[in-house]
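Asks: The file below is entry-v8.pdb, PDB, C-alpha atoms and all ligand atoms:
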```pdb
MODEL        1
ATOM      1  CA  MET A   1      17.779 -12.949 -16.856  1.00  0.00           C
ATOM      2  CA  SER A   2      15.561 -10.683 -14.802  1.00  0.00           C
ATOM      3  CA  HIS A   3      14.338 -11.941 -11.436  1.00  0.00           C
ATOM      4  CA  LYS A   4      11.787  -9.190 -10.955  1.00  0.00           C
ATOM      5  CA  HIS A   5       8.708 -11.366 -10.615  1.00  0.00           C
ATOM      6  CA  TYR A   6      10.357 -13.634  -8.074  1.00  0.00           C
ATOM      7  CA  GLN A   7      11.654 -10.615  -6.193  1.00  0.00           C
ATOM      8  CA  ALA A   8       8.170  -9.086  -6.224  1.00  0.00           C
ATOM      9  CA  LEU A   9       6.812 -12.279  -4.701  1.00  0.00           C
ATOM     10  CA  LEU A  10       9.476 -12.210  -1.983  1.00  0.00           C
ATOM     11  CA  THR A  11       8.708  -8.559  -1.256  1.00  0.00           C
ATOM     12  CA  CYS A  12       4.994  -9.261  -1.059  1.00  0.00           C
ATOM     13  CA  ILE A  13       5.573 -12.097   1.404  1.00  0.00           C
ATOM     14  CA  ALA A  14       8.051 -10.061   3.452  1.00  0.00           C
ATOM     15  CA  ASP A  15       5.333  -7.401   3.740  1.00  0.00           C
ATOM     16  CA  GLY A  16       3.031 -10.011   5.259  1.00  0.00           C
ATOM     17  CA  GLN A  17       0.751 -10.225   2.236  1.00  0.00           C
ATOM     18  CA  LYS A  18      -0.767 -13.366   0.772  1.00  0.00           C
ATOM     19  CA  CYS A  19      -0.899 -14.075  -2.931  1.00  0.00           C
ATOM     20  CA  LEU A  20      -3.615 -15.715  -4.993  1.00  0.00           C
ATOM     21  CA  ALA A  21      -3.106 -17.222  -8.436  1.00  0.00           C
ATOM     22  CA  VAL A  22      -5.956 -18.120 -10.725  1.00  0.00           C
ATOM     23  CA  LEU A  23      -5.035 -21.098 -12.867  1.00  0.00           C
ATOM     24  CA  VAL A  24      -6.237 -21.019 -16.457  1.00  0.00           C
ATOM     25  CA  ASP A  25      -6.197 -24.307 -18.356  1.00  0.00           C
ATOM     26  CA  PRO A  26      -5.840 -23.534 -22.088  1.00  0.00           C
ATOM     27  CA  ASP A  27      -7.776 -26.708 -22.907  1.00  0.00           C
ATOM     28  CA  LYS A  28     -10.851 -25.285 -21.185  1.00  0.00           C
ATOM     29  CA  PHE A  29     -10.439 -21.618 -22.041  1.00  0.00           C
ATOM     30  CA  HIS A  30     -11.853 -19.615 -24.925  1.00  0.00           C
ATOM     31  CA  PRO A  31      -9.544 -16.658 -25.660  1.00  0.00           C
ATOM     32  CA  GLU A  32     -12.486 -14.524 -26.831  1.00  0.00           C
ATOM     33  CA  GLN A  33     -13.833 -14.705 -23.276  1.00  0.00           C
ATOM     34  CA  ALA A  34     -10.628 -13.352 -21.731  1.00  0.00           C
ATOM     35  CA  SER A  35     -11.980  -9.904 -20.939  1.00  0.00           C
ATOM     36  CA  ALA A  36     -15.182 -11.171 -19.284  1.00  0.00           C
ATOM     37  CA  PHE A  37     -13.252 -13.848 -17.417  1.00  0.00           C
ATOM     38  CA  LEU A  38     -10.760 -11.337 -16.035  1.00  0.00           C
ATOM     39  CA  ASN A  39     -13.539  -8.953 -15.026  1.00  0.00           C
ATOM     40  CA  SER A  40     -15.169 -11.756 -13.059  1.00  0.00           C
ATOM     41  CA  LEU A  41     -12.118 -12.335 -10.873  1.00  0.00           C
ATOM     42  CA  PRO A  42     -11.893 -10.945  -7.347  1.00  0.00           C
ATOM     43  CA  GLU A  43      -9.469  -8.096  -6.694  1.00  0.00           C
ATOM     44  CA  THR A  44      -7.440 -10.368  -4.440  1.00  0.00           C
ATOM     45  CA  VAL A  45      -6.005 -12.214  -7.444  1.00  0.00           C
ATOM     46  CA  THR A  46      -2.311 -11.345  -7.720  1.00  0.00           C
ATOM     47  CA  HIS A  47      -1.115 -13.756 -10.414  1.00  0.00           C
ATOM     48  CA  ILE A  48      -2.412 -15.648 -13.418  1.00  0.00           C
ATOM     49  CA  PHE A  49      -1.033 -19.115 -14.014  1.00  0.00           C
ATOM     50  CA  VAL A  50      -1.527 -20.760 -17.398  1.00  0.00           C
ATOM     51  CA  GLY A  51      -1.139 -24.468 -17.941  1.00  0.00           C
ATOM     52  CA  GLY A  52      -2.665 -27.892 -17.636  1.00  0.00           C
ATOM     53  CA  SER A  53      -1.715 -31.534 -17.437  1.00  0.00           C
ATOM     54  CA  SER A  54      -3.347 -32.700 -20.648  1.00  0.00           C
ATOM     55  CA  VAL A  55      -1.366 -31.534 -23.609  1.00  0.00           C
ATOM     56  CA  THR A  56      -3.844 -31.862 -26.410  1.00  0.00           C
ATOM     57  CA  ASN A  57      -3.737 -28.369 -27.703  1.00  0.00           C
ATOM     58  CA  GLY A  58      -1.831 -25.541 -29.221  1.00  0.00           C
ATOM     59  CA  HIS A  59      -3.947 -23.049 -27.314  1.00  0.00           C
ATOM     60  CA  THR A  60      -1.414 -21.940 -24.728  1.00  0.00           C
ATOM     61  CA  GLU A  61      -0.009 -19.070 -26.767  1.00  0.00           C
ATOM     62  CA  ALA A  62      -3.492 -17.822 -27.769  1.00  0.00           C
ATOM     63  CA  THR A  63      -4.620 -18.052 -24.144  1.00  0.00           C
ATOM     64  CA  ALA A  64      -1.588 -16.172 -22.861  1.00  0.00           C
ATOM     65  CA  GLN A  65      -1.942 -13.481 -25.532  1.00  0.00           C
ATOM     66  CA  ALA A  66      -5.626 -12.942 -24.778  1.00  0.00           C
ATOM     67  CA  LEU A  67      -5.011 -12.690 -21.041  1.00  0.00           C
ATOM     68  CA  LYS A  68      -2.071 -10.314 -21.487  1.00  0.00           C
ATOM     69  CA  GLN A  69      -4.201  -8.113 -23.724  1.00  0.00           C
ATOM     70  CA  TYR A  70      -6.661  -7.426 -20.913  1.00  0.00           C
ATOM     71  CA  SER A  71      -4.616  -7.794 -17.744  1.00  0.00           C
ATOM     72  CA  ASP A  72      -1.464  -6.380 -16.186  1.00  0.00           C
ATOM     73  CA  LEU A  73      -1.243  -9.169 -13.626  1.00  0.00           C
ATOM     74  CA  PRO A  74       1.959 -11.198 -13.804  1.00  0.00           C
ATOM     75  CA  LEU A  75       1.350 -14.233 -16.012  1.00  0.00           C
ATOM     76  CA  PHE A  76       3.279 -17.369 -15.064  1.00  0.00           C
ATOM     77  CA  LEU A  77       3.392 -20.495 -17.173  1.00  0.00           C
ATOM     78  CA  PHE A  78       2.652 -23.652 -15.220  1.00  0.00           C
ATOM     79  CA  PRO A  79       3.254 -26.195 -17.958  1.00  0.00           C
ATOM     80  CA  GLY A  80       2.272 -29.838 -17.955  1.00  0.00           C
ATOM     81  CA  ASP A  81       4.664 -30.425 -20.808  1.00  0.00           C
ATOM     82  CA  HIS A  82       7.513 -28.604 -22.539  1.00  0.00           C
ATOM     83  CA  SER A  83       5.286 -27.982 -25.548  1.00  0.00           C
ATOM     84  CA  GLN A  84       3.197 -25.575 -23.435  1.00  0.00           C
ATOM     85  CA  ILE A  85       6.119 -23.176 -23.070  1.00  0.00           C
ATOM     86  CA  THR A  86       5.255 -20.069 -24.975  1.00  0.00           C
ATOM     87  CA  PRO A  87       6.995 -16.675 -25.147  1.00  0.00           C
ATOM     88  CA  THR A  88       3.953 -14.539 -24.253  1.00  0.00           C
ATOM     89  CA  ALA A  89       4.245 -14.766 -20.486  1.00  0.00           C
ATOM     90  CA  ASP A  90       6.269 -13.114 -17.763  1.00  0.00           C
ATOM     91  CA  ALA A  91       7.717 -16.109 -16.026  1.00  0.00           C
ATOM     92  CA  LEU A  92       7.857 -19.878 -16.069  1.00  0.00           C
ATOM     93  CA  LEU A  93       7.490 -22.180 -13.106  1.00  0.00           C
ATOM     94  CA  PHE A  94      10.344 -24.524 -14.030  1.00  0.00           C
ATOM     95  CA  LEU A  95       8.830 -27.576 -12.404  1.00  0.00           C
ATOM     96  CA  SER A  96      10.486 -30.749 -11.261  1.00  0.00           C
ATOM     97  CA  LEU A  97       8.040 -33.369  -9.979  1.00  0.00           C
ATOM     98  CA  LEU A  98       9.898 -34.302  -6.796  1.00  0.00           C
ATOM     99  CA  SER A  99       7.176 -36.569  -5.404  1.00  0.00           C
ATOM    100  CA  GLY A 100       7.479 -38.960  -8.355  1.00  0.00           C
ATOM    101  CA  ARG A 101      10.235 -41.222  -9.548  1.00  0.00           C
ATOM    102  CA  ASN A 102       9.676 -40.716 -13.254  1.00  0.00           C
ATOM    103  CA  ALA A 103      12.904 -39.276 -14.681  1.00  0.00           C
ATOM    104  CA  GLU A 104      10.948 -37.742 -17.563  1.00  0.00           C
ATOM    105  CA  TYR A 105       9.234 -35.331 -15.153  1.00  0.00           C
ATOM    106  CA  LEU A 106      12.212 -34.894 -12.839  1.00  0.00           C
ATOM    107  CA  VAL A 107      14.534 -33.734 -15.614  1.00  0.00           C
ATOM    108  CA  GLY A 108      13.543 -35.048 -19.073  1.00  0.00           C
ATOM    109  CA  GLN A 109      10.922 -32.427 -19.885  1.00  0.00           C
ATOM    110  CA  GLN A 110      13.238 -29.759 -18.535  1.00  0.00           C
ATOM    111  CA  VAL A 111      15.979 -30.693 -21.022  1.00  0.00           C
ATOM    112  CA  LYS A 112      13.440 -30.728 -23.849  1.00  0.00           C
ATOM    113  CA  SER A 113      12.327 -27.224 -22.921  1.00  0.00           C
ATOM    114  CA  ILE A 114      15.697 -25.529 -23.292  1.00  0.00           C
ATOM    115  CA  ALA A 115      15.453 -24.687 -27.004  1.00  0.00           C
ATOM    116  CA  ARG A 116      12.160 -22.861 -26.362  1.00  0.00           C
ATOM    117  CA  LEU A 117      13.542 -21.126 -23.279  1.00  0.00           C
ATOM    118  CA  LYS A 118      16.635 -19.889 -25.080  1.00  0.00           C
ATOM    119  CA  ALA A 119      14.358 -18.264 -27.649  1.00  0.00           C
ATOM    120  CA  SER A 120      12.274 -16.504 -24.992  1.00  0.00           C
ATOM    121  CA  ASN A 121      12.676 -13.791 -22.380  1.00  0.00           C
ATOM    122  CA  LEU A 122      10.822 -15.732 -19.724  1.00  0.00           C
ATOM    123  CA  GLU A 123      11.932 -15.368 -16.140  1.00  0.00           C
ATOM    124  CA  ILE A 124      12.662 -18.930 -15.067  1.00  0.00           C
ATOM    125  CA  ILE A 125      11.731 -19.826 -11.503  1.00  0.00           C
ATOM    126  CA  SER A 126      12.934 -23.215 -10.309  1.00  0.00           C
ATOM    127  CA  THR A 127      10.023 -24.916  -8.559  1.00  0.00           C
ATOM    128  CA  GLY A 128       9.947 -28.136  -6.567  1.00  0.00           C
ATOM    129  CA  TYR A 129       6.564 -29.655  -7.404  1.00  0.00           C
ATOM    130  CA  ILE A 130       5.174 -32.149  -4.898  1.00  0.00           C
ATOM    131  CA  LEU A 131       2.020 -34.098  -5.685  1.00  0.00           C
ATOM    132  CA  LEU A 132       0.035 -35.292  -2.668  1.00  0.00           C
ATOM    133  CA  ASP A 133      -2.919 -37.657  -2.579  1.00  0.00           C
ATOM    134  CA  GLY A 134      -6.036 -35.547  -2.973  1.00  0.00           C
ATOM    135  CA  GLY A 135      -8.495 -38.444  -2.628  1.00  0.00           C
ATOM    136  CA  THR A 136      -8.982 -39.009  -6.330  1.00  0.00           C
ATOM    137  CA  GLN A 137      -6.682 -39.818  -9.227  1.00  0.00           C
ATOM    138  CA  SER A 138      -5.355 -36.517 -10.499  1.00  0.00           C
ATOM    139  CA  ALA A 139      -4.496 -35.608 -14.053  1.00  0.00           C
ATOM    140  CA  VAL A 140      -0.916 -34.973 -12.886  1.00  0.00           C
ATOM    141  CA  ALA A 141      -0.607 -38.534 -11.546  1.00  0.00           C
ATOM    142  CA  ARG A 142      -2.144 -39.991 -14.700  1.00  0.00           C
ATOM    143  CA  VAL A 143      -0.093 -37.982 -17.186  1.00  0.00           C
ATOM    144  CA  THR A 144       3.209 -38.328 -15.328  1.00  0.00           C
ATOM    145  CA  ASP A 145       2.586 -41.957 -14.341  1.00  0.00           C
ATOM    146  CA  THR A 146       3.656 -41.215 -10.786  1.00  0.00           C
ATOM    147  CA  VAL A 147       2.239 -42.004  -7.381  1.00  0.00           C
ATOM    148  CA  PRO A 148       1.315 -39.052  -5.144  1.00  0.00           C
ATOM    149  CA  LEU A 149       2.684 -38.937  -1.607  1.00  0.00           C
ATOM    150  CA  PRO A 150       0.111 -39.930   1.033  1.00  0.00           C
ATOM    151  CA  GLN A 151      -0.878 -36.930   3.155  1.00  0.00           C
ATOM    152  CA  LYS A 152      -0.238 -38.903   6.354  1.00  0.00           C
ATOM    153  CA  ASN A 153       3.512 -39.093   5.571  1.00  0.00           C
ATOM    154  CA  ILE A 154       4.247 -35.584   6.750  1.00  0.00           C
ATOM    155  CA  GLU A 155       7.916 -36.247   7.436  1.00  0.00           C
ATOM    156  CA  THR A 156       8.461 -37.576   3.907  1.00  0.00           C
ATOM    157  CA  ILE A 157       6.675 -34.553   2.474  1.00  0.00           C
ATOM    158  CA  VAL A 158       8.833 -32.165   4.518  1.00  0.00           C
ATOM    159  CA  HIS A 159      11.991 -34.025   3.484  1.00  0.00           C
ATOM    160  CA  THR A 160      10.927 -33.917  -0.157  1.00  0.00           C
ATOM    161  CA  ALA A 161      10.383 -30.159   0.069  1.00  0.00           C
ATOM    162  CA  LEU A 162      13.761 -29.684   1.734  1.00  0.00           C
ATOM    163  CA  ALA A 163      15.482 -31.858  -0.884  1.00  0.00           C
ATOM    164  CA  GLY A 164      14.006 -29.520  -3.485  1.00  0.00           C
ATOM    165  CA  ALA A 165      15.206 -26.445  -1.630  1.00  0.00           C
ATOM    166  CA  TYR A 166      18.698 -27.908  -1.180  1.00  0.00           C
ATOM    167  CA  MET A 167      18.801 -28.681  -4.916  1.00  0.00           C
ATOM    168  CA  GLY A 168      18.139 -25.010  -5.584  1.00  0.00           C
ATOM    169  CA  ALA A 169      14.378 -24.657  -5.936  1.00  0.00           C
ATOM    170  CA  LYS A 170      13.191 -21.079  -5.432  1.00  0.00           C
ATOM    171  CA  LEU A 171       9.604 -22.165  -4.729  1.00  0.00           C
ATOM    172  CA  ILE A 172       7.935 -25.267  -3.379  1.00  0.00           C
ATOM    173  CA  TYR A 173       4.472 -26.115  -4.712  1.00  0.00           C
ATOM    174  CA  LEU A 174       2.318 -28.545  -2.736  1.00  0.00           C
ATOM    175  CA  GLU A 175      -0.278 -29.920  -5.153  1.00  0.00           C
ATOM    176  CA  ALA A 176      -3.302 -32.066  -4.305  1.00  0.00           C
ATOM    177  CA  GLY A 177      -4.301 -32.172  -7.992  1.00  0.00           C
ATOM    178  CA  SER A 178      -6.883 -30.129  -9.820  1.00  0.00           C
ATOM    179  CA  GLY A 179     -10.342 -30.999  -8.561  1.00  0.00           C
ATOM    180  CA  ALA A 180      -8.956 -32.803  -5.509  1.00  0.00           C
ATOM    181  CA  LYS A 181     -11.540 -33.998  -3.004  1.00  0.00           C
ATOM    182  CA  ILE A 182      -9.101 -33.394  -0.182  1.00  0.00           C
ATOM    183  CA  PRO A 183      -6.932 -30.267  -0.390  1.00  0.00           C
ATOM    184  CA  VAL A 184      -3.452 -30.227   1.167  1.00  0.00           C
ATOM    185  CA  SER A 185      -3.992 -30.450   4.919  1.00  0.00           C
ATOM    186  CA  PRO A 186      -3.157 -27.466   7.134  1.00  0.00           C
ATOM    187  CA  ASP A 187      -0.797 -29.678   9.182  1.00  0.00           C
ATOM    188  CA  ILE A 188       1.287 -30.416   6.097  1.00  0.00           C
ATOM    189  CA  ILE A 189       1.338 -26.776   5.033  1.00  0.00           C
ATOM    190  CA  THR A 190       2.487 -25.709   8.507  1.00  0.00           C
ATOM    191  CA  ALA A 191       5.192 -28.370   8.726  1.00  0.00           C
ATOM    192  CA  VAL A 192       6.583 -27.657   5.261  1.00  0.00           C
ATOM    193  CA  LYS A 193       6.478 -23.896   5.748  1.00  0.00           C
ATOM    194  CA  ALA A 194       8.329 -24.197   9.048  1.00  0.00           C
ATOM    195  CA  ALA A 195      11.120 -26.126   7.336  1.00  0.00           C
ATOM    196  CA  LEU A 196      11.536 -23.763   4.380  1.00  0.00           C
ATOM    197  CA  ASP A 197      12.940 -20.309   3.846  1.00  0.00           C
ATOM    198  CA  ILE A 198      11.520 -20.030   0.326  1.00  0.00           C
ATOM    199  CA  PRO A 199       7.911 -19.274  -0.662  1.00  0.00           C
ATOM    200  CA  LEU A 200       5.312 -22.025  -0.424  1.00  0.00           C
ATOM    201  CA  LEU A 201       2.583 -22.445  -3.045  1.00  0.00           C
ATOM    202  CA  VAL A 202      -0.436 -24.620  -2.332  1.00  0.00           C
ATOM    203  CA  GLY A 203      -3.165 -25.750  -4.729  1.00  0.00           C
ATOM    204  CA  GLY A 204      -5.625 -28.438  -5.640  1.00  0.00           C
ATOM    205  CA  GLY A 205      -9.207 -28.725  -4.415  1.00  0.00           C
ATOM    206  CA  ILE A 206      -9.353 -25.275  -2.813  1.00  0.00           C
ATOM    207  CA  ARG A 207     -12.787 -23.992  -3.770  1.00  0.00           C
ATOM    208  CA  THR A 208     -14.039 -21.776  -0.975  1.00  0.00           C
ATOM    209  CA  GLU A 209     -12.924 -18.630   0.777  1.00  0.00           C
ATOM    210  CA  ALA A 210     -12.750 -20.596   4.035  1.00  0.00           C
ATOM    211  CA  GLN A 211     -10.436 -23.222   2.511  1.00  0.00           C
ATOM    212  CA  LYS A 212      -8.251 -20.510   1.064  1.00  0.00           C
ATOM    213  CA  GLN A 213      -7.994 -18.689   4.384  1.00  0.00           C
ATOM    214  CA  GLU A 214      -7.221 -21.964   6.151  1.00  0.00           C
ATOM    215  CA  ALA A 215      -4.317 -22.567   3.754  1.00  0.00           C
ATOM    216  CA  TYR A 216      -3.034 -19.025   4.364  1.00  0.00           C
ATOM    217  CA  ARG A 217      -3.321 -19.409   8.135  1.00  0.00           C
ATOM    218  CA  ALA A 218      -1.424 -22.685   7.964  1.00  0.00           C
ATOM    219  CA  GLY A 219       1.450 -20.976   6.134  1.00  0.00           C
ATOM    220  CA  ALA A 220       0.769 -20.922   2.395  1.00  0.00           C
ATOM    221  CA  ASP A 221       2.267 -17.822   0.790  1.00  0.00           C
ATOM    222  CA  LEU A 222       0.394 -18.246  -2.466  1.00  0.00           C
ATOM    223  CA  VAL A 223      -2.767 -20.247  -3.073  1.00  0.00           C
ATOM    224  CA  VAL A 224      -3.587 -21.531  -6.560  1.00  0.00           C
ATOM    225  CA  MET A 225      -7.258 -21.908  -7.523  1.00  0.00           C
ATOM    226  CA  GLY A 226      -8.412 -23.181 -10.892  1.00  0.00           C
ATOM    227  CA  THR A 227     -11.655 -25.125 -10.800  1.00  0.00           C
ATOM    228  CA  ALA A 228     -13.396 -22.618  -8.519  1.00  0.00           C
ATOM    229  CA  PHE A 229     -12.977 -19.892 -11.122  1.00  0.00           C
ATOM    230  CA  GLU A 230     -13.993 -22.175 -13.980  1.00  0.00           C
ATOM    231  CA  THR A 231     -17.339 -22.977 -12.391  1.00  0.00           C
ATOM    232  CA  ASN A 232     -18.103 -19.621 -10.791  1.00  0.00           C
TER     233      ASN A 232
HETATM  234  C1  LIG A 301      -4.030 -27.537 -10.044  1.00  0.00           C
HETATM  235  O1  LIG A 301      -3.528 -26.632  -7.977  1.00  0.00           O
HETATM  236  C2  LIG A 301      -4.165 -26.372  -9.156  1.00  0.00           C
HETATM  237  O2  LIG A 301      -2.752 -27.637 -10.534  1.00  0.00           O
HETATM  238  C3  LIG A 301      -5.583 -25.926  -9.022  1.00  0.00           C
HETATM  239  O3  LIG A 301      -6.437 -26.945  -8.585  1.00  0.00           O
HETATM  240  O4  LIG A 301      -8.432 -26.743 -10.063  1.00  0.00           O
HETATM  241  O5  LIG A 301      -8.615 -27.855  -7.837  1.00  0.00           O
HETATM  242  O6  LIG A 301      -8.296 -25.381  -8.016  1.00  0.00           O
HETATM  243  P1  LIG A 301      -8.044 -26.697  -8.626  1.00  0.00           P
ENDMDL
END
```
Would you mind giving the structure from this file in C-alpha cells?
Replies:
Amino acid sequence: MSHKHYQALLTCIADGQKCLAVLVDPDKFHPEQASAFLNSLPETVTHIFVGGSSVTNGHTEATAQALKQYSDLPLFLFPGDHSQITPTADALLFLSLLSGRNAEYLVGQQVKSIARLKASNLEIISTGYILLDGGTQSAVARVTDTVPLPQKNIETIVHTALAGAYMGAKLIYLEAGSGAKIPVSPDIITAVKAALDIPLLVGGGIRTEAQKQEAYRAGADLVVMGTAFETN
C-alpha cells in the first residue's frame, strides 16, 4: 500500500505549513454542484474530506466521483460507517472512536470494512478519533451512542490521544462535532500537540478565519471545516 498522502502531510507539516480540509457530507451535497462548490473554496484548502455521521444514503461514491472530476486535491474518506467506504478516493481515515466505550466504533465497524478495503486501492491512515463536548449533542455522539469527553478533562484527553498513538494511530483527530457551539479549546490543542509526535487534526464548530488561526496557533496541523463551507 502506498503511503504517499500521509507522507505528503508529514512533509507539509515539517515545512511549517498548515493544512485545511473542507468536509463534504454526501447527505447534503448535490454532485451536479461539484464544480461550482469547488470554485467557491479558498485557495488555502489542501484536502477534501468526504463523509458524515448519518448513513442514510448511497451518495458517497457519486459525491467522490463528482469532486474528483473537478479537483486534484487529495480526497480522504471520513466515514461515519463502513458502508460509506467507496473506491473513488485517495485515502481513508481509518477511524477508531477512542473517546467512547462502544466496541462497535472502536473495532466493529473496522472489521466490517475489510471486504471493501481489500477491493480498493485506498491508502489507509489509522486515525485516533476523539470526540469532545462541543456544547450541543453531536451527530457523532448520537449515532455512536457514546459520551464525548468534557473539555475540562485535559489530562484524560491527552492520555486518550497518547493511547491512540501507542496503539499505532498515524493521526489524532480532536472532534467537537459538526456544528459545535464550542470548538476544541486552544489549551487542549496545545496540550495534545505537545504530547504527540504525529499530526493533529482539529474540527467541529470552526466557522471563522479567526477560529481557524487560533487552532493553528495552538498547534493544530490540519483544521477541518464543514458547516462554514455549506453555508457560505
Ligand atoms: C465534523 O469536524 C467536522 O466532523 C466539521 O465540523 O461542520 O462544525 O465545521 P463543522
Asks: Got a sec: who's within 8 Å of A:Thr136, counting only C-alpha atoms, leaving out chain neighbours fewer than 2 positions off, as a ChimeraX atom specification?
Replies: /A:133-134,138,180-181
Asks: Suppose a student applies the PyMOL selection byres (((chain A and resi 183-195) around 8) and not hetatm) to this structure; what residues should they get, written as a list in words?
Replies: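 Applied to this file, the PyMOL selection byres (((chain A and resi 183-195) around 8) and not hetatm) returns Leu132, Gly134, Gln151, Ile154, Ile157, Val158, Ala161, Leu162, Leu174, Glu175, Ala176, Ala180, Lys181, Ile182, Leu196, Asp197, Leu200, Val202, Gly203, Gly204, Gly205, Ile206, Glu214, Ala215, Ala218, Gly219 and Ala220 of chain A.
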Asks: Given the PyMOL selection byres (((chain A and resi 85) around 10) and not hetatm) and the file above, list the residues it selects as a compact mmCIF listing (two decimals) with C-alpha atoms, in the coordinates of the input.
Replies:
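Just written: out.txt:
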```txt
# COMPACT_ATOMS: atom_id res chain seq x y z
CA VAL A 50 -1.53 -20.76 -17.40
CA GLY A 51 -1.14 -24.47 -17.94
CA THR A 60 -1.41 -21.94 -24.73
CA GLU A 61 -0.01 -19.07 -26.77
CA LEU A 77 3.39 -20.50 -17.17
CA PHE A 78 2.65 -23.65 -15.22
CA PRO A 79 3.25 -26.20 -17.96
CA GLY A 80 2.27 -29.84 -17.95
CA ASP A 81 4.66 -30.42 -20.81
CA HIS A 82 7.51 -28.60 -22.54
CA SER A 83 5.29 -27.98 -25.55
CA GLN A 84 3.20 -25.58 -23.44
CA THR A 86 5.26 -20.07 -24.98
CA PRO A 87 7.00 -16.68 -25.15
CA THR A 88 3.95 -14.54 -24.25
CA ALA A 89 4.24 -14.77 -20.49
CA LEU A 92 7.86 -19.88 -16.07
CA SER A 113 12.33 -27.22 -22.92
CA ILE A 114 15.70 -25.53 -23.29
CA ARG A 116 12.16 -22.86 -26.36
CA LEU A 117 13.54 -21.13 -23.28
CA SER A 120 12.27 -16.50 -24.99
CA LEU A 122 10.82 -15.73 -19.72
```
Asks: May I ask which of the residues A:Ala103, A:Ala210, A:Ser71, A:Ser53 is the closest one to A:Arg142, counting all atoms listed in the file?
Replies: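 So, comparing all the options, the nearest one is A:Ser53.
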Asks: Report as an MDAnalysis selection string all protein, DNA and RNA residues lying within 9 Å of A:Thr63, evaluated on only C-alpha atoms, omitting residues in the same chain fewer than 3 positions from it.
Replies: chainID A and resid 24:26 29:31 34 50 59:60 66:68
Asks: Separation of atom CA of A:Gly177 and atom CA of A:Phe37, in Å?
Replies: 22.5 Å
Asks: So, counting all atoms listed in the file, which residue among A:Gln211, A:Gly52, A:Lys112, A:Gly128 is closest to A:Ala169?
Replies: A:Gly128
Asks: For the PyMOL selection byres (((chain A and resi 126) around 8) and not hetatm), applied here, can you spell out every residue it catches as a list of chain:residue names?
Replies: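 Evaluating the PyMOL selection byres (((chain A and resi 126) around 8) and not hetatm) on these coordinates yields A:Leu93, A:Phe94, A:Leu95, A:Ser96, A:Ile124, A:Ile125, A:Thr127, A:Gly128, A:Gly168, A:Ala169, A:Lys170, A:Leu171.
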Asks: Would you mind exporting the chosen residues as a PDB file, in the coordinates of the input, restricted to C-alpha atoms?
Replies:
```pdb
ATOM      1  CA  LEU A  93       7.490 -22.180 -13.106  1.00  0.00           C
ATOM      2  CA  PHE A  94      10.344 -24.524 -14.030  1.00  0.00           C
ATOM      3  CA  LEU A  95       8.830 -27.576 -12.404  1.00  0.00           C
ATOM      4  CA  SER A  96      10.486 -30.749 -11.261  1.00  0.00           C
ATOM      5  CA  ILE A 124      12.662 -18.930 -15.067  1.00  0.00           C
ATOM      6  CA  ILE A 125      11.731 -19.826 -11.503  1.00  0.00           C
ATOM      7  CA  THR A 127      10.023 -24.916  -8.559  1.00  0.00           C
ATOM      8  CA  GLY A 128       9.947 -28.136  -6.567  1.00  0.00           C
ATOM      9  CA  GLY A 168      18.139 -25.010  -5.584  1.00  0.00           C
ATOM     10  CA  ALA A 169      14.378 -24.657  -5.936  1.00  0.00           C
ATOM     11  CA  LYS A 170      13.191 -21.079  -5.432  1.00  0.00           C
ATOM     12  CA  LEU A 171       9.604 -22.165  -4.729  1.00  0.00           C
TER      13      LEU A 171
END
```
Asks: Taking only C-alpha atoms and all ligand atoms into account, name the residue in A:Arg101, A:Arg217, A:His159, A:Lys28 that is nearest to ligand LIG 301 (chain A).
Replies: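 So, comparing all the options, the nearest one is A:Lys28.
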Asks: Could you tell me how far atom CA of A:His5 sits from atom CA of A:Gln69, in Å to one decimal place?
Replies: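 Computing it gives 18.7 Å between the two atoms.
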Asks: Which distance in Å separates atom CA of A:Pro42 and atom CA of A:Ala62, to one decimal?
Replies: 23.1 Å
Asks: When distances are computed from only C-alpha atoms and all ligand atoms, which of A:Ala115, A:Leu38, A:Ala163, A:Val140 shows the smallest separation from ligand LIG 301 (chain A)?
Replies: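 That would be A:Val140, the residue with the smallest distance to ligand LIG 301 (chain A).
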Asks: Using all atoms listed in the file, which of A:Asn153, A:Gln137, A:Gln17, A:Thr144 sits nearest A:Gln109?
Replies: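 With all atoms listed in the file as the atom set, the closest residue is A:Thr144.
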Asks: When distances are computed from all atoms listed in the file, which of A:Ser99, A:Leu222, A:Lys4, A:Glu155 shows the smallest separation from A:Thr46?
Replies: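 Closest to A:Thr46, using all atoms listed in the file: A:Leu222.
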Asks: Taking all atoms of ligand LIG 301 (chain A) that appear in the file, build a box with edges along x, y and z, extend it by 5 Å on every side, and state its centre and edge lengths in Å to one decimal, as lines of an AutoDock Vina configuration file.
Replies:
```
center_x = -5.7
center_y = -26.6
center_z = -9.2
size_x = 15.9
size_y = 12.5
size_z = 12.7
```
